[in-house]
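Undergrad: Sharing a structure here in structure tokens format.
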Amino acid sequence: MEYKFNEIEKKWQDKWNADKVYKVSNESDKPKFYVLDMFPYPSGAGLHVGHPLGYIASDIYARYKRLKGFNVLHPMGFDSFGLPAEQYALETGQHPAETTKKNIATFKSQLDKIGFCYDWDREIQTSNPDYYKWTQKIFLELFNSYFCNTQKKARPIADLVKKYETKGSDKFTAEQWNAYSKKEQEDILMNRRLAFSKYGEVNWCEALGTVLANDEVVNGVSERGGHPVVKKKMRQWYLRITSYADRLLEGLETVDFSESMKEMQRNWIGRSEGAEMDFAIKVTTDNRPPTTEGQPSSVVHRPLSLRVYTTRPDTIFGVDFMVVAPEHELVNEIKSPEQATAVDEYVAYVKSRSDVDRMAEKKITGCFTGAFAVNPFDGKEIPIYISEYVLAGYGTGAIMAVPCGDERDFKFAQHFDIPITNIIGDFYNGEEANPTKEATLQNSGFLNGLLMKDAISVAVSKIEEMGIGIKKVNYKMRDAGFSRQRYWGEPFPIVWKDEMAIPLNENDLPLELPHVDKYGPGKEGEGPLGNLEDWVNTPEGRRETSTMPGYAGSSWYFLRYMDPKNAETFCDKKASDYWNQVDVYIGGTEHAVGHLLYSRMWTKVLYDLGYISFDEPFKKLVNQGMITGKSYFFMLDHIYGNKIVTYTKPTELSAFIRFKYGHQFVDNNGKLTRKNYESFQSIYGGVEEQISWENDTEGEFIFVKEESEKMSKSKFNVDNPDDLVLKYGADTFRMYEMFLGPVEQSKPWDTKGIEGVHRFLRKLWRLFFDDIKGKGWTDAKGTDAELKVLHKTIKKIDGDTANFSYNTAVSAFMVCVNELGELKCHKKEILEKVLIILAPYAPHIAEELWHALENKGTILDAAYPAVEEKYLIESSKEYPVSINGKMRTTINMALDLSPEEAEKIVLANEVVQKWLEGKAPKKVIYVKNKMVNVVI
RNA sequence: ACUCGGGUGGUGGAACUGGUAGACACGCAGGACUUAAAAUCCUGUUCGCAGUAAUGCGAGUGACGGUUCAAUUCCGUUCCCGAGUACCA
């Protein structure tokens, strides 16, 4: 009987759908398990073979856990708000809602063909008002909360108001607060809200007409499209994620993420411990406006000071100059008349440089301000410079420069001929800075003789004691920009009146996204919504016209799956208490610092506010590697005459013309033939470079090299999963993607091996239908040999599946079927169990054969077979011994060795021990003369 | 530059807490069945040398060195590739 995978798969997919076998209930006696995929953005291109990798991996896990007796939540949905749909709308005029709907339908049909066990009743779409109603609601929660610095958690802003009204704060008294105008109070509160609005410098992308988050800007250009990005001041929404910096760091200790993922998040948060300290400034002229007495000061009258941030207070005596960011407010106040023009010119120069310029050429620039700071410990006068290498946004925007210990400071000192003080003796060679902490300090006043790493805390204590500074922690991470001047996103439930943000009443949610006809930007950098006068102007005030960023909806979606239909709340506490954390979360590394940090923060806020009872969303994270496409580079020999060019070094190739092709046009010998080239042309049309074949020759391209690149249509290296499913079936496709290599590893896509997996499934099929007549199996008991194969396999597969080691699991299936085939095993008892452990990987064929064995119901509800260890016990334990000729032994008799051999034997420690206990080896097995296995 | 991964046959990749390196698959070569093809099955396949042959000898997990009876695995140095970050004081 033939293995008609297409029929079988269709049959079972329909049946499973009709019977709703994947429906999951929130009530069950079974333990729960939550397996989640990072939901996709439904792009117009549909799925390519890279997408399903993670989905297959999670699907296998979900099915495996179900067979193991868990109530498994394994949902799927769509992150359907986002820029590409809007970009497409701009170009074609099609409404994003339309294209999104179409794309989702495509995605779903593609996913269904692969046979995933999603409970589609729980599907969510972030662009659906029923969903974003709750995104808006959570936004309001963020808006109405503040981070309490003593309790280190989010609390309702009402608590803060109460405190201000009764006790005031360290900045104002209760009386003062109560006397403030509404606007003044709101401004103060805005500085504490977790979702807040402020004027800030944002990354403005003219071409996209929108503001981008820091992580959407790569090397000074937009991640999407590569358009230039400049700084612009605008009113923006932000999330106060910096308040959670420490908890986000601490939380990493409690979750099972890969070390590299944790490291990436740590780097992004960028915590550093140091000290902030003030240096008195000595100026020749005080440029500040006249004092109230109307007397401009010519010498230092009022104390001016410069606050710097440093992680190395131990190097305080090595400070040779100060550097202040050009944007620093103090610059104008301290520049001397002689230096004023130079300073102004330099500031103008820095302003003219875009981020791109700064990235491109990092040259040493700067300018002396004419002012001096005073070292509080030795009174030394230190010149103050400005330079663009000091960033206004980090620390205090000013540094103390220690050229003997810091490479950048060193170069700067060299460039401006600033004398360098050496405080680390021989550790500094005069050629380059040495950032060590191991040196013993010299020329360092009260720190002399101390090891630098010990001196840090000593210096900090002294600084604090003198009242000129404090210990301080800084983070690289900034508050996350939360508004976009775009259309296709969640509208903010906010109206503005008299420069005050007024939240919408919760009962008025969702604030639905109104229909627009044009997707172009509104005036003055507003989004398209700014053009809708009717919508924007309400009796309560003017609506916020920006929309939320892509990560808004994805920051909490894992909660909605638990209770997707709830109209009362975003997720009932009972549901979130039952399902709790996502046990396994599978997705790509590209979200390391975006989505994963934001969703972790939202979870912590919702936890603080008592909506859920866990503060980390994902217990375990598995990062699937990217499937890359292979591109092949060829060269046509004819171009350089008839000479066959031979290549020695790849670098020489650049002199020649190269061509790039999808791998499907290369034959097994790695050659691109004319025929393949022509079929390529007929499918894709013109390529970058046209090739002219010699008229009468069947010319050949010489293979030059191959490269793995990200899959994309423009690189002609995309394979569509539908085609493969049609040709080989979903089961083969699933197993093949897993067989390619470890899930977490990036690997090039190549269909060459898919035949092998397909052959395996056909072999399995034959085990049931071809080898014997009739029903194909017997009720007889399995033999020991058969049972040994079975239990060996169960043990291996069970372990591999639990560890996501799917590629070795697939291999184990192949070995198992080969061995059972050799044993001509047709025992129901055995085959049934093989099918159950196979079911997560190849559900369709497993179900079909399950019924062929006259089983009722569905294999999905079978029980995972237990390993019976008794079939696995080896007859005796073998201990290795090796020969090296060093040690004399007296075991030649027992071991039955020649005296020469015996002389060379050294026993492994364990064997020696047994030997001493009087247990002589029973048998010795020779292995390649090098090693001997001793049976005790 | 820094941080984190990773270097194993022609290819994708195996190898448990150190214990016969190369499982499984692709590819390739040869064979069986067939009028033929497809499909299927069998055999061989790390490299080098020797032999008609079963086989034997030597080398071998990026390179060099170390620990060990024994190293792909542990330690040190170094080279290469991939990912992330990028003037963060």
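Chain identifiers are assigned as A, B, and so on, following the order in which chains appear in the structure tokens; residues are numbered from 1 within each chain, and ligands are numbered from 1 in order of appearance.
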For chain B against chain A, with a cut-off of 7 Å and counting only C-alpha atoms (C1' of nucleotides), what is the closest atom pair and its distance in Å to one decimal for every residue that makes the cut, ordered by chain and number, as a Markdown table?

TA:
```
| residue | atom | partner | partner_atom | distance |
| --- | --- | --- | --- | --- |
| B:C4 | C1' | A:Ser260 | CA | 5.2 |
| B:G12 | C1' | A:Leu740 | CA | 6.3 |
| B:G13 | C1' | A:Gly741 | CA | 6.4 |
| B:G19 | C1' | A:Pro880 | CA | 6.3 |
| B:U20 | C1' | A:Val927 | CA | 6.3 |
| B:C24 | C1' | A:Ser811 | CA | 4.6 |
| B:A25 | C1' | A:Gly756 | CA | 6.1 |
| B:C26 | C1' | A:Gly753 | CA | 4.9 |
| B:C69 | C1' | A:Val906 | CA | 5.5 |
| B:A70 | C1' | A:Ser882 | CA | 6.9 |
| B:G84 | C1' | A:Met264 | CA | 6.5 |
| B:C87 | C1' | A:Tyr389 | CA | 5.2 |
| B:C88 | C1' | A:Lys476 | CA | 5.8 |
| B:A89 | C1' | A:Thr310 | CA | 5.7 |
```

Undergrad: So which residues touch G44 (chain B) within 12 Å, counting only C-alpha atoms (C1' of nucleotides), skipping near sequence neighbours fewer than 6 positions away, as a list in words?

TA: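 Near G44 (chain B), the qualifying residues are C28, A29, G30 and G31 of chain B.
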
Undergrad: Let's have the selection written as a JSON list (two decimals), in the first residue's frame, with N, CA, C and O atoms (P, O5', C5', C4', C3', O3' and C1' of nucleotides).

TA:
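Output contents, as saved in out_14.json:
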```
[["chain", "number", "residue", "atom", "x", "y", "z"],
["B", 28, "C", "P", 25.02, 12.08, -6.15],
["B", 28, "C", "O5'", 26.45, 11.39, -6.07],
["B", 28, "C", "C5'", 27.62, 12.12, -6.41],
["B", 28, "C", "C4'", 28.84, 11.34, -6.00],
["B", 28, "C", "C3'", 28.92, 9.93, -6.55],
["B", 28, "C", "O3'", 29.37, 9.90, -7.89],
["B", 28, "C", "C1'", 29.45, 9.90, -4.25],
["B", 29, "A", "P", 28.77, 8.78, -8.85],
["B", 29, "A", "O5'", 29.58, 7.47, -8.37],
["B", 29, "A", "C5'", 30.99, 7.41, -8.50],
["B", 29, "A", "C4'", 31.51, 6.13, -7.90],
["B", 29, "A", "C3'", 30.81, 4.87, -8.36],
["B", 29, "A", "O3'", 31.27, 4.43, -9.63],
["B", 29, "A", "C1'", 31.04, 4.83, -6.01],
["B", 30, "G", "P", 30.22, 3.68, -10.58],
["B", 30, "G", "O5'", 30.04, 2.27, -9.86],
["B", 30, "G", "C5'", 31.11, 1.33, -9.88],
["B", 30, "G", "C4'", 30.82, 0.20, -8.92],
["B", 30, "G", "C3'", 29.60, -0.65, -9.22],
["B", 30, "G", "O3'", 29.79, -1.56, -10.29],
["B", 30, "G", "C1'", 29.70, -0.18, -6.90],
["B", 31, "G", "P", 28.50, -1.94, -11.19],
["B", 31, "G", "O5'", 27.63, -2.84, -10.21],
["B", 31, "G", "C5'", 28.09, -4.14, -9.85],
["B", 31, "G", "C4'", 27.27, -4.69, -8.73],
["B", 31, "G", "C3'", 25.83, -5.07, -9.05],
["B", 31, "G", "O3'", 25.73, -6.27, -9.79],
["B", 31, "G", "C1'", 25.93, -3.98, -6.95]]
```

Undergrad: As number ranges by chain, please: every residue in region 374-467 of chain A that DSSP puts in strand (DSSP E or B).

TA: A: 374, 381-386, 398-401, 440, 451

Undergrad: Please provide the set of residues having any atom within 12 Å of Leu787 (chain A), restricted to only C-alpha atoms (C1' of nucleotides), with same-chain residues fewer than 6 positions apart removed, written as a list in words.

TA: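 Final neighbour list, sorted by chain and number: Lys781, Thr793, Ile794, Cys816, Glu819, Leu820, Leu823, Cys825, Lys827, Lys828, Glu829, Ile830, Leu831, Lys833, Val834, Val867, Glu868, Glu869, Lys870, Tyr871 and Leu872 of chain A.
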
Undergrad: Can you spit out the residues from that selection as a CSV table (one decimal), in the first residue's frame, using N, CA and C atoms?

TA:
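Result file follows (result-v1.csv):
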```csv
chain,number,residue,atom,x,y,z
A,781,LYS,N,3.6,-11.3,21.7
A,781,LYS,CA,4.5,-10.5,22.6
A,781,LYS,C,5.8,-10.2,21.9
A,793,THR,N,14.9,3.2,22.3
A,793,THR,CA,14.4,4.4,21.6
A,793,THR,C,13.6,5.3,22.4
A,794,ILE,N,12.7,4.7,23.2
A,794,ILE,CA,11.8,5.6,24.1
A,794,ILE,C,12.7,6.4,25.0
A,816,CYS,N,15.8,3.3,14.9
A,816,CYS,CA,14.8,2.4,15.5
A,816,CYS,C,14.0,1.6,14.4
A,819,GLU,N,16.2,-0.9,12.7
A,819,GLU,CA,16.4,-2.1,13.5
A,819,GLU,C,15.1,-3.0,13.5
A,820,LEU,N,14.0,-2.3,13.7
A,820,LEU,CA,12.7,-3.1,13.7
A,820,LEU,C,12.5,-3.7,12.4
A,823,LEU,N,14.5,-6.8,12.2
A,823,LEU,CA,13.9,-7.8,13.0
A,823,LEU,C,12.6,-8.3,12.5
A,825,CYS,N,9.8,-6.9,12.8
A,825,CYS,CA,8.9,-6.8,13.9
A,825,CYS,C,7.5,-6.3,13.5
A,827,LYS,N,4.8,-6.5,15.8
A,827,LYS,CA,4.1,-6.7,17.1
A,827,LYS,C,3.3,-5.4,17.4
A,828,LYS,N,2.1,-5.5,17.6
A,828,LYS,CA,1.3,-4.3,17.9
A,828,LYS,C,1.8,-3.6,19.2
A,829,GLU,N,2.1,-4.4,20.2
A,829,GLU,CA,2.7,-3.9,21.4
A,829,GLU,C,3.8,-2.9,21.2
A,830,ILE,N,4.7,-3.3,20.3
A,830,ILE,CA,5.9,-2.5,20.0
A,830,ILE,C,5.5,-1.3,19.1
A,831,LEU,N,4.9,-1.6,18.0
A,831,LEU,CA,4.6,-0.5,17.0
A,831,LEU,C,3.8,0.6,17.6
A,833,LYS,N,3.8,1.8,20.6
A,833,LYS,CA,4.6,2.7,21.4
A,833,LYS,C,5.5,3.6,20.6
A,834,VAL,N,6.0,3.0,19.5
A,834,VAL,CA,6.8,3.8,18.6
A,834,VAL,C,6.0,4.9,18.0
A,867,VAL,N,9.7,4.0,30.1
A,867,VAL,CA,10.9,3.1,29.8
A,867,VAL,C,11.0,2.0,30.8
A,868,GLU,N,11.1,0.8,30.2
A,868,GLU,CA,11.3,-0.3,31.1
A,868,GLU,C,12.8,-0.6,31.1
A,869,GLU,N,13.5,-0.2,32.2
A,869,GLU,CA,14.9,-0.3,32.3
A,869,GLU,C,15.5,-1.7,32.2
A,870,LYS,N,14.6,-2.6,32.6
A,870,LYS,CA,15.2,-4.0,32.6
A,870,LYS,C,15.6,-4.5,31.2
A,871,TYR,N,15.0,-3.9,30.2
A,871,TYR,CA,15.5,-4.3,28.8
A,871,TYR,C,16.8,-3.6,28.4
A,872,LEU,N,17.2,-2.7,29.2
A,872,LEU,CA,18.3,-1.9,28.8
A,872,LEU,C,19.6,-2.3,29.5
```

Undergrad: List the spatial neighbours of region 480-497 of chain A as a ChimeraX atom specification - criterion: any atom at most 7 Å away, only C-alpha atoms (C1' of nucleotides), same-chain residues fewer than 5 positions off excluded.

TA: /A:81-83,86,132,136,210-211,213,236-241,502-504,511,513,519,525-529,540-544,546-549

Undergrad: So which one's closest to Phe733 (chain A), A:Leu790, A:Ile114, A:Leu441, A:Leu160? Using only C-alpha atoms, please.

TA: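 For Phe733 (chain A), the nearest of the given residues is A:Ile114.
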
Undergrad: List the spatial neighbours of Tyr199 (chain A) as an NGL selection string - criterion: any atom at most 7 Å away, only C-alpha atoms (C1' of nucleotides), same-chain residues fewer than 3 positions off excluded.

TA: :A and (233-236)

Undergrad: Determine, counting only C-alpha atoms (C1' of nucleotides), which protein, DNA and RNA residues have an atom within 10 Å of an atom of Arg155 (chain A); residues of the same chain fewer than 4 positions away are not included. Present the result as a ChimeraX atom specification.

TA: /A:141-142,144-148,151,159-160,193-194,605,608-610
